[in-house]
Amino acid sequence: MNKYTIKILCKQFGLEEKVIKYVNEKEKAIEDKFNAIDEIREYNQFKVIKAMQDNRLGSTDFYWTTGYGYGDVGRDKVESIYASVFNTEDALVRPTIASGTHAITLTLSGILRPNDELVAISGAPYDTLQKVIGIKGKTPGTLIDYGVIYKEVPLVQNKIDIKSVKSIISEKTKIIMIQRSTGYSDRRALTIGEIKEAISVIREFNTSAIIMVDNCYGEFLELREPTDVGADIMAGSLIKNPGGGLALSGGYVVGKRNLVEMVANRLTAPGLGKDCGLTFGTSRTTMQGLFLAPHIVAEAVKGALLVAKSYKDLGFKVVPDLDDPRSDIIQGVELKIPERVSEFCKGIQAASAVDSYVVPEAWNMPGYQDQVIMAAGGFIEGSSIELSADGPMREPYYVYYQGGLTYDHCKLGVLKSLNNLYEKNLISID
């Protein structure tokens with residue numbers, strides 16, 4: 001970083017020179033790790049381009065219709081490309097899917113029937129999904145309300161406990177669910193290799209259960225996706241990794257054709273399935289976002305590494321650790337006290353290009369048991385592939401950093417978060 005940049009950061013962004021020097025030192029210490037990230041980015045970039053070429057993506061695919069959406073060629077082309085990228089028989093990609101939780105809920109409710117069994121084998125699911133299932137809160141219309149039986153197998157030392165999985169799966173088990181990402185926990189994301197190993201072992205003693213993966217935050221982190229290693233169906237959000245910061249809204253479901261059809265019937269109506277539903281002219285931004293996604297994800301992962309190095313060297317526990325394999329974009333930092341979580345998020349918000357003047361506060365966010373503080377100054381509201389951070393206000397007070405459309409923006413977020421903590425005497429930088 002040259003002296004002119006340092007001067008701008010000090011004068012225009014109000015940063016302490018000691019903080020800038022500290023982050024620059026940490027950046028130099030991790031630069032050798034960036035090459036491996038770039039190799040994954042390059043492979044996935046070529047994969048996305050090939051999928052677009054193989055499916056003959058054309059300028060006319062960006063036109064759209066009105067009403068029922070019959071003949072929306074752009075919608076059909078987007079879904080064909082997603083199926084190719086994720087190596088599946090079919091895909092459902094719609095702007096009307098409100099979130100990753102919605103995509104997962106559609107998948108579960110579209111396939112499960114009363115008295116079917118759902119088994120989560122990666123421990124407790126993400127907070128919002130616990131309410132969907134019905135194991136937290138008293139929201140009506142949960143899966144349990146509709147007669148679904150739910151079971152859960154905790155992870156053991158961050159690994160799927162196959163022995164316990166074998167003992168808990170029964171003839172009623174319809175879906176075996178794996179959450180790839182960390183969620184609001186103190187574990188790292190499950191790698192594709194670990195997911196492959198679990199699926200292979202499960203298939204040795206159970207060939208009928210449907211293996212479903214929550215892929216939120218995990219797309220393009222590795223050379224393969226869960227559907228490349230045996231997952232039957234997978235769901236995620238377009239305002240996370242695959243939207244590349246451009247998708248306005250939406251979610252996706254990819255997998256076996258008969259399963260995607262069941263989910264589509266839940267989204268629209270039985271008999272209408274994928275044939276109905278407008279894209280509202282979003283096909284262009286959805287495809288542009290997918291095109292950029294491998295590059296954007298790589299930038300975000302580099303930013304996560306800088307967060308990890310900067311906070312670990314101050315004595316904080318970070319998940320994943322610096323040398324851990326990374327299979328999602330999230331970087332957790334155990335900050336121990338609520339004041340640090342608050343100031344961290346305020347720093348991320350202040351580094352945003354949009355709503356930088358807003359001061360985030362913890363609140364009763366829908367779908368969560370605890371109050372949540374969220375820094376999210378994105379061009380797309382709630383887009384967690386953009387620079388953002390959040391955390392539940394509960395012990396041991398983890399904050400979860402994710403996203404960043406450019407590495408430079410990630411770095412500014414690290415600088416502002418550290419500067420906030422430093423000025424409030426919540427950390428010491430020697």
# chains A, B, ... in the order shown; residues from 1 in each chain; ligands from 1
$ residues_around --residues "range 144-158 of chain A" --least-positions-apart "6" --cutoff "8 Å" --atoms "only C-alpha atoms" --output "ChimeraX atom specification"
/A:112-124,133-134,164-165,168,187-188,190
$ residues_around --residues "Asp54 in chain A" --least-positions-apart "4" --cutoff "9 Å" --atoms "only C-alpha atoms" --output "PyMOL selection string"
chain A and resi 49-50+81+84
$ residues_around --residues "Tyr63 in chain A" --least-positions-apart "6" --cutoff "9 Å" --atoms "only C-alpha atoms" --output "count of residues only"
6
$ residues_around --residues "range 364-371 of chain A" --least-positions-apart "6" --cutoff "9 Å" --atoms "only C-alpha atoms" --output "list of chain:residue names"
A:Asp127, A:Thr128, A:Leu129, A:Gln130, A:Lys131, A:Val132, A:Lys136, A:Gly137, A:Gly391, A:Pro392, A:Met393, A:Arg394
$ write_last_selection --atoms "N, CA and C atoms" --output "CSV table (one decimal), in the first residue's frame"
chain,number,residue,atom,x,y,z
A,127,ASP,N,-30.4,-21.5,12.0
A,127,ASP,CA,-31.5,-21.0,12.9
A,127,ASP,C,-32.8,-20.9,12.2
A,128,THR,N,-32.9,-20.3,11.0
A,128,THR,CA,-34.2,-20.1,10.3
A,128,THR,C,-34.8,-21.5,9.9
A,129,LEU,N,-34.0,-22.5,9.6
A,129,LEU,CA,-34.5,-23.8,9.2
A,129,LEU,C,-35.1,-24.5,10.4
A,130,GLN,N,-34.6,-24.3,11.6
A,130,GLN,CA,-35.1,-24.9,12.8
A,130,GLN,C,-36.6,-24.5,13.0
A,131,LYS,N,-36.9,-23.3,12.6
A,131,LYS,CA,-38.3,-22.9,12.7
A,131,LYS,C,-39.1,-23.5,11.6
A,132,VAL,N,-38.5,-23.7,10.4
A,132,VAL,CA,-39.2,-24.4,9.3
A,132,VAL,C,-39.6,-25.8,9.7
A,136,LYS,N,-37.9,-25.3,16.9
A,136,LYS,CA,-37.7,-24.1,17.6
A,136,LYS,C,-38.9,-23.2,17.3
A,137,GLY,N,-39.4,-22.5,18.4
A,137,GLY,CA,-40.5,-21.6,18.2
A,137,GLY,C,-41.8,-22.3,18.0
A,391,GLY,N,-24.3,-11.7,13.4
A,391,GLY,CA,-24.2,-12.6,14.5
A,391,GLY,C,-25.3,-12.5,15.5
A,392,PRO,N,-25.6,-13.7,16.1
A,392,PRO,CA,-26.6,-13.7,17.2
A,392,PRO,C,-26.1,-13.2,18.5
A,393,MET,N,-26.8,-12.5,19.2
A,393,MET,CA,-26.3,-12.0,20.5
A,393,MET,C,-26.5,-13.0,21.6
A,394,ARG,N,-25.6,-14.0,21.5
A,394,ARG,CA,-25.6,-15.1,22.5
A,394,ARG,C,-24.2,-15.6,22.6
$ select_by_dssp --residues "range 144-371 of chain A" --states "alpha helix (DSSP H)" --output "mmCIF file with N, CA and C atoms, in the first residue's frame"
data_model
loop_
_atom_site.group_PDB
_atom_site.id
_atom_site.type_symbol
_atom_site.label_atom_id
_atom_site.label_comp_id
_atom_site.auth_asym_id
_atom_site.auth_seq_id
_atom_site.Cartn_x
_atom_site.Cartn_y
_atom_site.Cartn_z
ATOM 1 N N ILE A 162 -20.884 -41.316 10.960
ATOM 2 C CA ILE A 162 -21.512 -42.341 10.129
ATOM 3 C C ILE A 162 -22.061 -43.490 10.981
ATOM 4 N N LYS A 163 -21.386 -43.851 12.038
ATOM 5 C CA LYS A 163 -21.868 -44.932 12.902
ATOM 6 C C LYS A 163 -23.242 -44.601 13.460
ATOM 7 N N SER A 164 -23.410 -43.362 13.935
ATOM 8 C CA SER A 164 -24.708 -42.943 14.472
ATOM 9 C C SER A 164 -25.744 -42.796 13.364
ATOM 10 N N VAL A 165 -25.292 -42.350 12.190
ATOM 11 C CA VAL A 165 -26.206 -42.232 11.048
ATOM 12 C C VAL A 165 -26.783 -43.601 10.707
ATOM 13 N N LYS A 166 -25.937 -44.618 10.697
ATOM 14 C CA LYS A 166 -26.394 -45.974 10.399
ATOM 15 C C LYS A 166 -27.453 -46.437 11.381
ATOM 16 N N SER A 167 -27.264 -46.093 12.643
ATOM 17 C CA SER A 167 -28.173 -46.585 13.678
ATOM 18 C C SER A 167 -29.505 -45.845 13.702
ATOM 19 N N ILE A 168 -29.552 -44.626 13.163
ATOM 20 C CA ILE A 168 -30.757 -43.808 13.274
ATOM 21 C C ILE A 168 -31.651 -43.868 12.038
ATOM 22 N N ILE A 192 -16.187 -30.928 0.248
ATOM 23 C CA ILE A 192 -16.780 -31.843 -0.723
ATOM 24 C C ILE A 192 -16.259 -33.261 -0.497
ATOM 25 N N GLY A 193 -14.998 -33.383 -0.143
ATOM 26 C CA GLY A 193 -14.445 -34.705 0.141
ATOM 27 C C GLY A 193 -15.153 -35.379 1.306
ATOM 28 N N GLU A 194 -15.452 -34.620 2.348
ATOM 29 C CA GLU A 194 -16.156 -35.176 3.506
ATOM 30 C C GLU A 194 -17.601 -35.545 3.167
ATOM 31 N N ILE A 195 -18.241 -34.701 2.351
ATOM 32 C CA ILE A 195 -19.608 -35.006 1.922
ATOM 33 C C ILE A 195 -19.618 -36.250 1.042
ATOM 34 N N LYS A 196 -18.647 -36.361 0.141
ATOM 35 C CA LYS A 196 -18.553 -37.536 -0.734
ATOM 36 C C LYS A 196 -18.375 -38.813 0.081
ATOM 37 N N GLU A 197 -17.498 -38.763 1.078
ATOM 38 C CA GLU A 197 -17.245 -39.936 1.909
ATOM 39 C C GLU A 197 -18.517 -40.376 2.630
ATOM 40 N N ALA A 198 -19.252 -39.404 3.182
ATOM 41 C CA ALA A 198 -20.489 -39.728 3.898
ATOM 42 C C ALA A 198 -21.519 -40.336 2.963
ATOM 43 N N ILE A 199 -21.679 -39.730 1.774
ATOM 44 C CA ILE A 199 -22.660 -40.245 0.814
ATOM 45 C C ILE A 199 -22.300 -41.661 0.376
ATOM 46 N N SER A 200 -21.029 -41.899 0.115
ATOM 47 C CA SER A 200 -20.585 -43.227 -0.341
ATOM 48 C C SER A 200 -20.901 -44.296 0.701
ATOM 49 N N VAL A 201 -20.633 -43.991 1.965
ATOM 50 C CA VAL A 201 -20.896 -44.960 3.033
ATOM 51 C C VAL A 201 -22.397 -45.174 3.204
ATOM 52 N N ILE A 202 -23.167 -44.100 3.155
ATOM 53 C CA ILE A 202 -24.626 -44.220 3.291
ATOM 54 C C ILE A 202 -25.196 -45.096 2.195
ATOM 55 N N ARG A 203 -24.712 -44.920 0.984
ATOM 56 C CA ARG A 203 -25.228 -45.691 -0.147
ATOM 57 C C ARG A 203 -24.917 -47.190 -0.028
ATOM 58 N N GLU A 204 -23.929 -47.531 0.785
ATOM 59 C CA GLU A 204 -23.608 -48.940 0.978
ATOM 60 C C GLU A 204 -24.690 -49.665 1.766
ATOM 61 N N PHE A 205 -25.392 -48.929 2.649
ATOM 62 C CA PHE A 205 -26.417 -49.598 3.458
ATOM 63 C C PHE A 205 -27.818 -49.029 3.234
ATOM 64 N N ARG A 257 -34.367 -35.137 -12.011
ATOM 65 C CA ARG A 257 -35.513 -34.511 -12.668
ATOM 66 C C ARG A 257 -36.820 -34.745 -11.905
ATOM 67 N N ASN A 258 -37.049 -35.960 -11.429
ATOM 68 C CA ASN A 258 -38.305 -36.240 -10.740
ATOM 69 C C ASN A 258 -38.414 -35.461 -9.428
ATOM 70 N N LEU A 259 -37.286 -35.233 -8.773
ATOM 71 C CA LEU A 259 -37.290 -34.486 -7.508
ATOM 72 C C LEU A 259 -37.502 -32.999 -7.760
ATOM 73 N N VAL A 260 -36.845 -32.454 -8.769
ATOM 74 C CA VAL A 260 -37.020 -31.041 -9.111
ATOM 75 C C VAL A 260 -38.471 -30.785 -9.504
ATOM 76 N N GLU A 261 -39.095 -31.751 -10.195
ATOM 77 C CA GLU A 261 -40.501 -31.600 -10.577
ATOM 78 C C GLU A 261 -41.395 -31.508 -9.339
ATOM 79 N N MET A 262 -41.102 -32.308 -8.322
ATOM 80 C CA MET A 262 -41.888 -32.263 -7.090
ATOM 81 C C MET A 262 -41.760 -30.902 -6.410
ATOM 82 N N VAL A 263 -40.553 -30.366 -6.420
ATOM 83 C CA VAL A 263 -40.321 -29.051 -5.810
ATOM 84 C C VAL A 263 -41.029 -27.965 -6.617
ATOM 85 N N ALA A 264 -40.970 -28.065 -7.943
ATOM 86 C CA ALA A 264 -41.645 -27.086 -8.806
ATOM 87 C C ALA A 264 -43.153 -27.103 -8.586
ATOM 88 N N ASN A 265 -43.715 -28.284 -8.356
ATOM 89 C CA ASN A 265 -45.149 -28.376 -8.073
ATOM 90 C C ASN A 265 -45.506 -27.704 -6.753
ATOM 91 N N ARG A 266 -44.581 -27.696 -5.830
ATOM 92 C CA ARG A 266 -44.808 -26.990 -4.568
ATOM 93 C C ARG A 266 -44.692 -25.485 -4.764
ATOM 94 N N LEU A 267 -43.782 -25.053 -5.625
ATOM 95 C CA LEU A 267 -43.594 -23.619 -5.868
ATOM 96 C C LEU A 267 -44.803 -23.024 -6.586
ATOM 97 N N SER A 283 -33.529 -12.481 -16.194
ATOM 98 C CA SER A 283 -32.623 -13.489 -16.763
ATOM 99 C C SER A 283 -31.234 -12.927 -17.065
ATOM 100 N N ARG A 284 -31.185 -11.679 -17.540
ATOM 101 C CA ARG A 284 -29.890 -11.080 -17.868
ATOM 102 C C ARG A 284 -29.007 -10.943 -16.621
ATOM 103 N N THR A 285 -29.558 -10.356 -15.555
ATOM 104 C CA THR A 285 -28.740 -10.163 -14.349
ATOM 105 C C THR A 285 -28.421 -11.496 -13.677
ATOM 106 N N THR A 286 -29.343 -12.451 -13.772
ATOM 107 C CA THR A 286 -29.071 -13.774 -13.204
ATOM 108 C C THR A 286 -27.891 -14.432 -13.912
ATOM 109 N N MET A 287 -27.831 -14.296 -15.236
ATOM 110 C CA MET A 287 -26.740 -14.882 -15.995
ATOM 111 C C MET A 287 -25.439 -14.092 -15.846
ATOM 112 N N GLN A 288 -25.531 -12.779 -15.814
ATOM 113 C CA GLN A 288 -24.327 -11.968 -15.578
ATOM 114 C C GLN A 288 -23.737 -12.291 -14.209
ATOM 115 N N GLY A 289 -24.618 -12.443 -13.230
ATOM 116 C CA GLY A 289 -24.145 -12.772 -11.891
ATOM 117 C C GLY A 289 -23.470 -14.121 -11.845
ATOM 118 N N LEU A 290 -24.058 -15.109 -12.510
ATOM 119 C CA LEU A 290 -23.446 -16.435 -12.549
ATOM 120 C C LEU A 290 -22.104 -16.393 -13.260
ATOM 121 N N PHE A 291 -22.022 -15.614 -14.337
ATOM 122 C CA PHE A 291 -20.760 -15.467 -15.063
ATOM 123 C C PHE A 291 -19.662 -14.912 -14.157
ATOM 124 N N LEU A 292 -20.002 -13.932 -13.337
ATOM 125 C CA LEU A 292 -19.020 -13.294 -12.459
ATOM 126 C C LEU A 292 -18.773 -14.063 -11.165
ATOM 127 N N ALA A 293 -19.663 -14.990 -10.833
ATOM 128 C CA ALA A 293 -19.633 -15.628 -9.517
ATOM 129 C C ALA A 293 -18.289 -16.259 -9.140
ATOM 130 N N PRO A 294 -17.626 -17.036 -10.001
ATOM 131 C CA PRO A 294 -16.349 -17.620 -9.576
ATOM 132 C C PRO A 294 -15.315 -16.569 -9.153
ATOM 133 N N HIS A 295 -15.269 -15.447 -9.890
ATOM 134 C CA HIS A 295 -14.340 -14.374 -9.543
ATOM 135 C C HIS A 295 -14.737 -13.698 -8.234
ATOM 136 N N ILE A 296 -16.021 -13.397 -8.078
ATOM 137 C CA ILE A 296 -16.494 -12.726 -6.865
ATOM 138 C C ILE A 296 -16.250 -13.596 -5.636
ATOM 139 N N VAL A 297 -16.540 -14.884 -5.766
ATOM 140 C CA VAL A 297 -16.333 -15.807 -4.653
ATOM 141 C C VAL A 297 -14.859 -15.837 -4.248
ATOM 142 N N ALA A 298 -13.967 -15.863 -5.229
ATOM 143 C CA ALA A 298 -12.530 -15.861 -4.927
ATOM 144 C C ALA A 298 -12.123 -14.605 -4.163
ATOM 145 N N GLU A 299 -12.659 -13.452 -4.562
ATOM 146 C CA GLU A 299 -12.367 -12.203 -3.849
ATOM 147 C C GLU A 299 -12.846 -12.288 -2.403
ATOM 148 N N ALA A 300 -14.042 -12.839 -2.216
ATOM 149 C CA ALA A 300 -14.611 -12.951 -0.869
ATOM 150 C C ALA A 300 -13.781 -13.889 0.009
ATOM 151 N N VAL A 301 -13.295 -14.983 -0.563
ATOM 152 C CA VAL A 301 -12.489 -15.932 0.212
ATOM 153 C C VAL A 301 -11.165 -15.298 0.632
ATOM 154 N N LYS A 302 -10.572 -14.518 -0.252
ATOM 155 C CA LYS A 302 -9.344 -13.803 0.112
ATOM 156 C C LYS A 302 -9.611 -12.837 1.264
ATOM 157 N N GLY A 303 -10.761 -12.167 1.201
ATOM 158 C CA GLY A 303 -11.132 -11.270 2.293
ATOM 159 C C GLY A 303 -11.321 -12.015 3.603
ATOM 160 N N ALA A 304 -11.932 -13.198 3.530
ATOM 161 C CA ALA A 304 -12.133 -14.013 4.735
ATOM 162 C C ALA A 304 -10.794 -14.420 5.353
ATOM 163 N N LEU A 305 -9.836 -14.737 4.504
ATOM 164 C CA LEU A 305 -8.493 -15.075 5.003
ATOM 165 C C LEU A 305 -7.854 -13.901 5.734
ATOM 166 N N LEU A 306 -8.052 -12.692 5.200
ATOM 167 C CA LEU A 306 -7.487 -11.506 5.850
ATOM 168 C C LEU A 306 -8.146 -11.276 7.211
ATOM 169 N N VAL A 307 -9.448 -11.498 7.286
ATOM 170 C CA VAL A 307 -10.139 -11.402 8.581
ATOM 171 C C VAL A 307 -9.542 -12.407 9.564
ATOM 172 N N ALA A 308 -9.400 -13.647 9.100
ATOM 173 C CA ALA A 308 -8.890 -14.710 9.968
ATOM 174 C C ALA A 308 -7.501 -14.380 10.507
ATOM 175 N N LYS A 309 -6.603 -13.966 9.623
ATOM 176 C CA LYS A 309 -5.236 -13.655 10.041
ATOM 177 C C LYS A 309 -5.203 -12.461 10.984
ATOM 178 N N SER A 310 -5.961 -11.415 10.653
ATOM 179 C CA SER A 310 -5.937 -10.193 11.451
ATOM 180 C C SER A 310 -6.464 -10.420 12.862
ATOM 181 N N TYR A 311 -7.503 -11.211 12.994
ATOM 182 C CA TYR A 311 -8.107 -11.418 14.314
ATOM 183 C C TYR A 311 -7.435 -12.554 15.089
ATOM 184 N N LYS A 312 -6.955 -13.567 14.388
ATOM 185 C CA LYS A 312 -6.257 -14.642 15.093
ATOM 186 C C LYS A 312 -5.003 -14.121 15.780
ATOM 187 N N PRO A 338 -20.437 -9.028 23.834
ATOM 188 C CA PRO A 338 -21.354 -8.448 22.839
ATOM 189 C C PRO A 338 -20.880 -7.120 22.272
ATOM 190 N N GLU A 339 -20.137 -6.339 23.058
ATOM 191 C CA GLU A 339 -19.671 -5.036 22.585
ATOM 192 C C GLU A 339 -18.759 -5.182 21.368
ATOM 193 N N ARG A 340 -17.938 -6.221 21.356
ATOM 194 C CA ARG A 340 -17.052 -6.426 20.205
ATOM 195 C C ARG A 340 -17.854 -6.817 18.968
ATOM 196 N N VAL A 341 -18.857 -7.657 19.136
ATOM 197 C CA VAL A 341 -19.706 -8.037 18.003
ATOM 198 C C VAL A 341 -20.360 -6.804 17.409
ATOM 199 N N SER A 342 -20.882 -5.958 18.280
ATOM 200 C CA SER A 342 -21.556 -4.738 17.835
ATOM 201 C C SER A 342 -20.610 -3.813 17.087
ATOM 202 N N GLU A 343 -19.432 -3.578 17.629
ATOM 203 C CA GLU A 343 -18.485 -2.661 16.994
ATOM 204 C C GLU A 343 -17.912 -3.238 15.704
ATOM 205 N N PHE A 344 -17.734 -4.546 15.662
ATOM 206 C CA PHE A 344 -17.286 -5.201 14.423
ATOM 207 C C PHE A 344 -18.295 -4.928 13.310
ATOM 208 N N CYS A 345 -19.569 -5.194 13.594
ATOM 209 C CA CYS A 345 -20.607 -5.010 12.573
ATOM 210 C C CYS A 345 -20.764 -3.545 12.182
ATOM 211 N N LYS A 346 -20.615 -2.648 13.138
ATOM 212 C CA LYS A 346 -20.684 -1.220 12.818
ATOM 213 C C LYS A 346 -19.542 -0.812 11.884
ATOM 214 N N GLY A 347 -18.380 -1.429 12.075
ATOM 215 C CA GLY A 347 -17.247 -1.144 11.194
ATOM 216 C C GLY A 347 -17.478 -1.635 9.782
ATOM 217 N N ILE A 348 -18.052 -2.839 9.650
ATOM 218 C CA ILE A 348 -18.369 -3.376 8.324
ATOM 219 C C ILE A 348 -19.401 -2.490 7.635
ATOM 220 N N GLN A 349 -20.415 -2.075 8.373
ATOM 221 C CA GLN A 349 -21.443 -1.199 7.798
ATOM 222 C C GLN A 349 -20.836 0.123 7.336
ATOM 223 N N ALA A 350 -19.953 0.682 8.142
ATOM 224 C CA ALA A 350 -19.327 1.965 7.808
ATOM 225 C C ALA A 350 -18.409 1.857 6.594
#
$ residues_around --residues "Asp390 in chain A" --least-positions-apart "2" --cutoff "9 Å" --atoms "only C-alpha atoms" --output "MDAnalysis selection string"
chainID A and resid 341 345 372:376 388 392 398:402
$ residues_around --residues "Thr191 in chain A" --least-positions-apart "5" --cutoff "9 Å" --atoms "only C-alpha atoms" --output "list of chain:residue names"
A:Arg180, A:Lys196, A:Glu222, A:Pro325, A:Arg326, A:Ser327, A:Asp328
$ write_last_selection --atoms "C-alpha atoms" --output "PDB file, in the first residue's frame"
ATOM      1  CA  ARG A 180     -22.505 -27.717   4.029  1.00  0.00           C
ATOM      2  CA  LYS A 196     -18.553 -37.536  -0.734  1.00  0.00           C
ATOM      3  CA  GLU A 222     -14.039 -26.005  -4.563  1.00  0.00           C
ATOM      4  CA  PRO A 325      -9.804 -26.291   4.161  1.00  0.00           C
ATOM      5  CA  ARG A 326     -12.452 -23.735   3.156  1.00  0.00           C
ATOM      6  CA  SER A 327     -15.775 -24.860   1.773  1.00  0.00           C
ATOM      7  CA  ASP A 328     -17.886 -21.745   2.297  1.00  0.00           C
TER       8      ASP A 328
END
$ residues_around --residues "His409 in chain A" --least-positions-apart "6" --cutoff "9 Å" --atoms "only C-alpha atoms" --output "MDAnalysis selection string"
chainID A and resid 303 351:353 387
$ select_by_dssp --residues "range 199-306 of chain A" --states "strand (DSSP E or B)" --output "ChimeraX atom specification"
/A:210-214,233-237,251-255
$ closest_residue --among "A:Asn241, A:Thr105, A:Thr88, A:Ser59" --to "Val229 in chain A" --atoms "only C-alpha atoms"
A:Thr88
$ atom_distance --atom1 "CA of Leu335 in chain A" --atom2 "CA of Lys424 in chain A"
14.1 Å
